[in-house]
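Participant: Shown below is the structure under consideration.
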Amino acid sequence: MMADGNPLKLKKTSSAPEEVHEKIQLQPWNILIVDDDEEVHSVTRLILSKIKFQNRSINIQSAHSASEAKGILENPNDIACILLDVVMETDDAGLILTKTIREKLGNRAIRIVLRTGQPGQAPEERVIVDYDINDYKSKSELTAQKLFTTVVAALRSYETIRSLEKSQKGLQKILESTDSLFDVQSLRHFSSGVLMQLSAFLGCKPNGALCAQADSDDAGLFGKPCNGLNIVASAGEYEECMTCKFDSDCAHEEMLVMVRRALDEKKSQYSNRYAALYLDAKGVKASVALLHGAGEVDDNDRFLLEIFSSKISLALANAINYSKKVSAEEAAVTDFLTGLPNRRHLITLGQKLLSNCRRSNSLVAVALMDIDHFKKINDTYGHDAGDIVLQRISSVFRERFRESDVVARFGGEEFCAIATSVTADGAYELFEGIRRDIENEKVEISGAELNVTISIGVVIHNDMSLDDLISEADIKLYEAKHTGRNCTKIKVKFEDQEQ
């Protein structure tokens, strides 16, 4: 949002940086007790309730049969260890549940500790060999201390396995996502893709923003200024940042603090609600990708995210450099005022269109269109008014011409159009319709409504050079200008007739 040519700044946030340094609340370890004896549940809860391992408490769930446990395990869960009785609804219910967990549910991470009061019914040596369990204990030998040791050892093993699984899956996601990100050449699509890929990696909804430091060189590439930041892409509750008019206090001050800290300290920042990833690549000003609702990010996640960030940084530099290259190329072939192709680009495109028409033996129409009394508009209302008229007429051209046609600003108030695969009647209807549309346009300038008209000269042929077609069209335009203006003159040379 611009006012008097200056970017409006967001109100300075009063939040101190320390306010977002929240202590991340670690999730407890989940343990499932499966036993048909309620007293076993009570005693086990009493022993384990006060245990803390790696600053995480124990959360205990109970099931009183193998079928009940199966129902719990079939739903999404993060159960680290199961203390499983062997004999319940059947003599081998625990053993069958073990096979179900490993084979049908495909859960290889959960640690299974078999507990039995009748060791003779399930001999330890056979059970350890035949079933994928991690420990086997007789209930009589499982004292409070041994239970503590067994559970902590199981949790440590579970954490190691889960870390390996997350690393494997995380690296796979990084490889898959960065391949697609390097393929994206639109900066806006790339930035949106970053938010989607990061949210998928962290297992949260796409809710956040990608921000970049603003400077005079990059201001045109990124979005609107946000207190020294540009919002390149946003999702979820941050979507409004892309259209923010800066007419009220910022609703995302905490986010801004996280982003600024990441930029100031040149490293990623985390809290129990945000992940702000610092993106830095050679030749590109550093940016930050912020995800809200990322939840707990452990050391393993942070390690993978740093790898991810380095890949994203390289892809971001690629997208920005490509965007700059495209912008420069577009500037070379685009009229800056109207956004239409310039004369140079018209000639290039026109040659291709004519070649295609010759191959298909179809007619092509070339028209020159000139704004009537344009000098008078400039002299009376000023050149700014003249620019408005040019832009309004260009908008009509964009709406009325077909995708297969080309219309360009040829110079000053003159435009040139090339329409392919036309008939004489069809070409006349096209250009005469455009002339009428412009005649009916009301251009408001300084409180006054201007009626603007154009004169059009058209020539139709299928075997002339582009230069000759433009010259013939110029002759017809001259005729239109000298027979009252605001009219269309057309010549069909292929059929040796004029209209």
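Ligands are numbered from 1 in the order shown, residues from 1 within each chain, and chains are lettered A, B, ... in the order they appear in the structure tokens.
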Can you pull out the residues contacting stretch 368-372 of chain A? Cut-off 7 Å, using only C-alpha atoms, and skip same-chain residues under 3 positions away; I want them as an NGL selection string.
Facilitator: :A and (413-417 or 453-458 or 473-474 or 477 or 485)
Participant: Taking the DSSP secondary structure from the backbone, can you list the residues of stretch 33-169 of chain A that are helix (DSSP H, G or I), as a PyMOL selection string?
Facilitator: chain A and resi 38-48+66-74+93-104+119-121+124-130+144-169
Participant: Skip A:Leu305 itself and residues of its chain fewer than 3 positions away, then list as a ChimeraX atom specification all residues within 12 Å of it, counting only C-alpha atoms.
Facilitator: /A:166-167,170-171,173-174,197-199,201-202,267-270,275-279,289,297-302,308-313
Participant: If you run DSSP on this backbone, which residues of stretch 200-432 of chain A come out as strand (DSSP E), and could you give them as a ChimeraX atom specification?
Facilitator: /A:208-213,229-235,269-270,274-281,284-292,364-371,406-411,414-420
Participant: Store the residues of this selection in a file with C-alpha atoms, as a CSV table (one decimal), in the first residue's frame.
Facilitator:
chain,number,residue,atom,x,y,z
A,208,GLY,CA,2.1,-19.4,7.9
A,209,ALA,CA,4.0,-17.0,5.7
A,210,LEU,CA,7.2,-16.7,3.8
A,211,CYS,CA,8.8,-13.3,4.4
A,212,ALA,CA,11.8,-11.6,2.8
A,213,GLN,CA,13.8,-8.5,3.8
A,229,LEU,CA,9.6,-7.2,5.5
A,230,ASN,CA,7.9,-8.4,2.3
A,231,ILE,CA,5.3,-11.1,2.4
A,232,VAL,CA,6.1,-13.4,-0.5
A,233,ALA,CA,3.4,-16.0,0.2
A,234,SER,CA,1.0,-16.8,3.0
A,235,ALA,CA,-1.5,-19.5,4.0
A,269,GLN,CA,13.9,-20.1,15.7
A,270,TYR,CA,11.5,-22.4,17.4
A,274,TYR,CA,6.1,-21.5,15.7
A,275,ALA,CA,8.9,-22.7,13.5
A,276,ALA,CA,10.7,-19.8,11.8
A,277,LEU,CA,13.3,-21.2,9.3
A,278,TYR,CA,16.1,-19.0,8.3
A,279,LEU,CA,16.8,-19.2,4.6
A,280,ASP,CA,20.0,-17.8,3.2
A,281,ALA,CA,21.6,-18.4,-0.2
A,284,VAL,CA,19.9,-13.4,-2.3
A,285,LYS,CA,18.9,-11.4,0.8
A,286,ALA,CA,18.0,-13.8,3.6
A,287,SER,CA,14.3,-14.8,4.1
A,288,VAL,CA,12.3,-16.6,6.7
A,289,ALA,CA,9.6,-19.3,6.3
A,290,LEU,CA,7.3,-19.3,9.3
A,291,LEU,CA,4.9,-22.1,10.2
A,292,HIS,CA,2.3,-21.6,12.9
A,364,VAL,CA,-4.6,-13.0,-41.9
A,365,ALA,CA,-5.8,-9.5,-41.1
A,366,VAL,CA,-3.4,-6.8,-40.1
A,367,ALA,CA,-4.9,-3.6,-38.6
A,368,LEU,CA,-3.5,-0.2,-37.6
A,369,MET,CA,-5.6,1.6,-35.0
A,370,ASP,CA,-5.1,5.3,-34.1
A,371,ILE,CA,-6.7,7.3,-31.3
A,406,VAL,CA,-1.7,-10.3,-31.2
A,407,VAL,CA,-2.2,-6.6,-30.4
A,408,ALA,CA,0.7,-4.3,-29.6
A,409,ARG,CA,1.4,-0.6,-29.0
A,410,PHE,CA,3.0,0.4,-32.3
A,411,GLY,CA,4.1,3.9,-31.2
A,414,GLU,CA,-1.1,4.0,-32.6
A,415,PHE,CA,-1.7,0.3,-32.1
A,416,CYS,CA,-1.2,-2.7,-34.5
A,417,ALA,CA,-3.2,-6.0,-34.4
A,418,ILE,CA,-2.8,-9.3,-36.2
A,419,ALA,CA,-5.7,-11.6,-36.4
A,420,THR,CA,-5.3,-15.0,-37.9
Participant: Set out as a tab-separated table a contact list for stretch 58-97 of chain A and stretch 130-151 of chain A with a cut-off of 10 Å, giving each residue of stretch 58-97 of chain A that qualifies its closest atom pair and distance in Å to one decimal, counting only C-alpha atoms, ordered by chain and rising residue number.
Facilitator:
residue	atom	partner	partner_atom	distance
A:Ala80	CA	A:Val151	CA	9.6
A:Cys81	CA	A:Val151	CA	7.5
A:Ile82	CA	A:Val151	CA	9.3
A:Leu83	CA	A:Val151	CA	8.8
A:Leu84	CA	A:Tyr136	CA	9.5
A:Asp85	CA	A:Lys139	CA	9.2
A:Leu95	CA	A:Tyr131	CA	7.3
A:Ile96	CA	A:Tyr131	CA	9.2
Participant: Compile the contact shell of A:Glu38 as a ChimeraX atom specification: residues with an atom at most 12 Å away, counting only C-alpha atoms, same-chain residues fewer than 3 positions apart removed.
Facilitator: /A:33-35,41-45,62-65,85
Participant: Which one of A:Ser163, A:Thr348, A:Thr90, A:Thr334 sits closest to A:Leu304 if you count only C-alpha atoms?
Facilitator: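 Ranked by minimum distance to A:Leu304, first place goes to A:Ser163.
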Participant: Please list as a PyMOL selection string every residue within 8 Å of A:Leu26, counting only C-alpha atoms and excluding residues in the same chain fewer than 3 positions away.
Facilitator: chain A and resi 55-56+296
Participant: How would the residues just picked look written out with N, CA and C atoms as a PDB file, in the first residue's frame?
Facilitator:
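Full text of again-v7.pdb as output:
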ATOM      1  N   ASN A  55      12.954 -35.692  30.779  1.00  0.00           N
ATOM      2  CA  ASN A  55      12.033 -34.592  31.108  1.00  0.00           C
ATOM      3  C   ASN A  55      10.618 -34.801  30.564  1.00  0.00           C
ATOM      4  N   ARG A  56      10.300 -36.039  30.297  1.00  0.00           N
ATOM      5  CA  ARG A  56       8.951 -36.364  29.834  1.00  0.00           C
ATOM      6  C   ARG A  56       8.310 -37.330  30.819  1.00  0.00           C
ATOM      7  N   GLU A 296       5.703 -29.395  18.735  1.00  0.00           N
ATOM      8  CA  GLU A 296       7.034 -29.728  19.247  1.00  0.00           C
ATOM      9  C   GLU A 296       7.974 -30.105  18.108  1.00  0.00           C
TER      10      GLU A 296
END
Participant: Which residue out of A:Glu253, A:Pro341, A:Gly447, A:Tyr428 has the minimum interatomic distance to A:Arg398 when only C-alpha atoms are used?
Facilitator: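 Nearest candidate to A:Arg398 out of A:Glu253, A:Pro341, A:Gly447, A:Tyr428: A:Pro341.
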Participant: How many Å lie between atom CA of A:Ile31 and atom CA of A:Ile60, rounded to one decimal?
Facilitator: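 The value is 5.0 Å.
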Participant: Pick the closest to A:Leu469 from A:Gly426, A:Pro206, A:Gly350, A:Gly433: which is it, counting only C-alpha atoms?
Facilitator: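 Smallest separation from A:Leu469 among the options: A:Gly350.
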Participant: Show which residues sit within 8 Å of A:Leu155, as a PyMOL selection string. Count only C-alpha atoms, and ignore same-chain residues fewer than 2 positions away.
Facilitator: chain A and resi 29+80-81+111+151-153+157-159
Participant: Can you pull out every residue within 12 Å of A:Tyr381, counting only C-alpha atoms, but drop anything in the same chain fewer than 6 positions away, and send it as a list in words?
Facilitator: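 The filter keeps Phe374, Lys375, Asp387, Ile388, Val389, Glu444, Ile445, Ser446, Gly447, Ala448, Glu449 and Leu450 of chain A.
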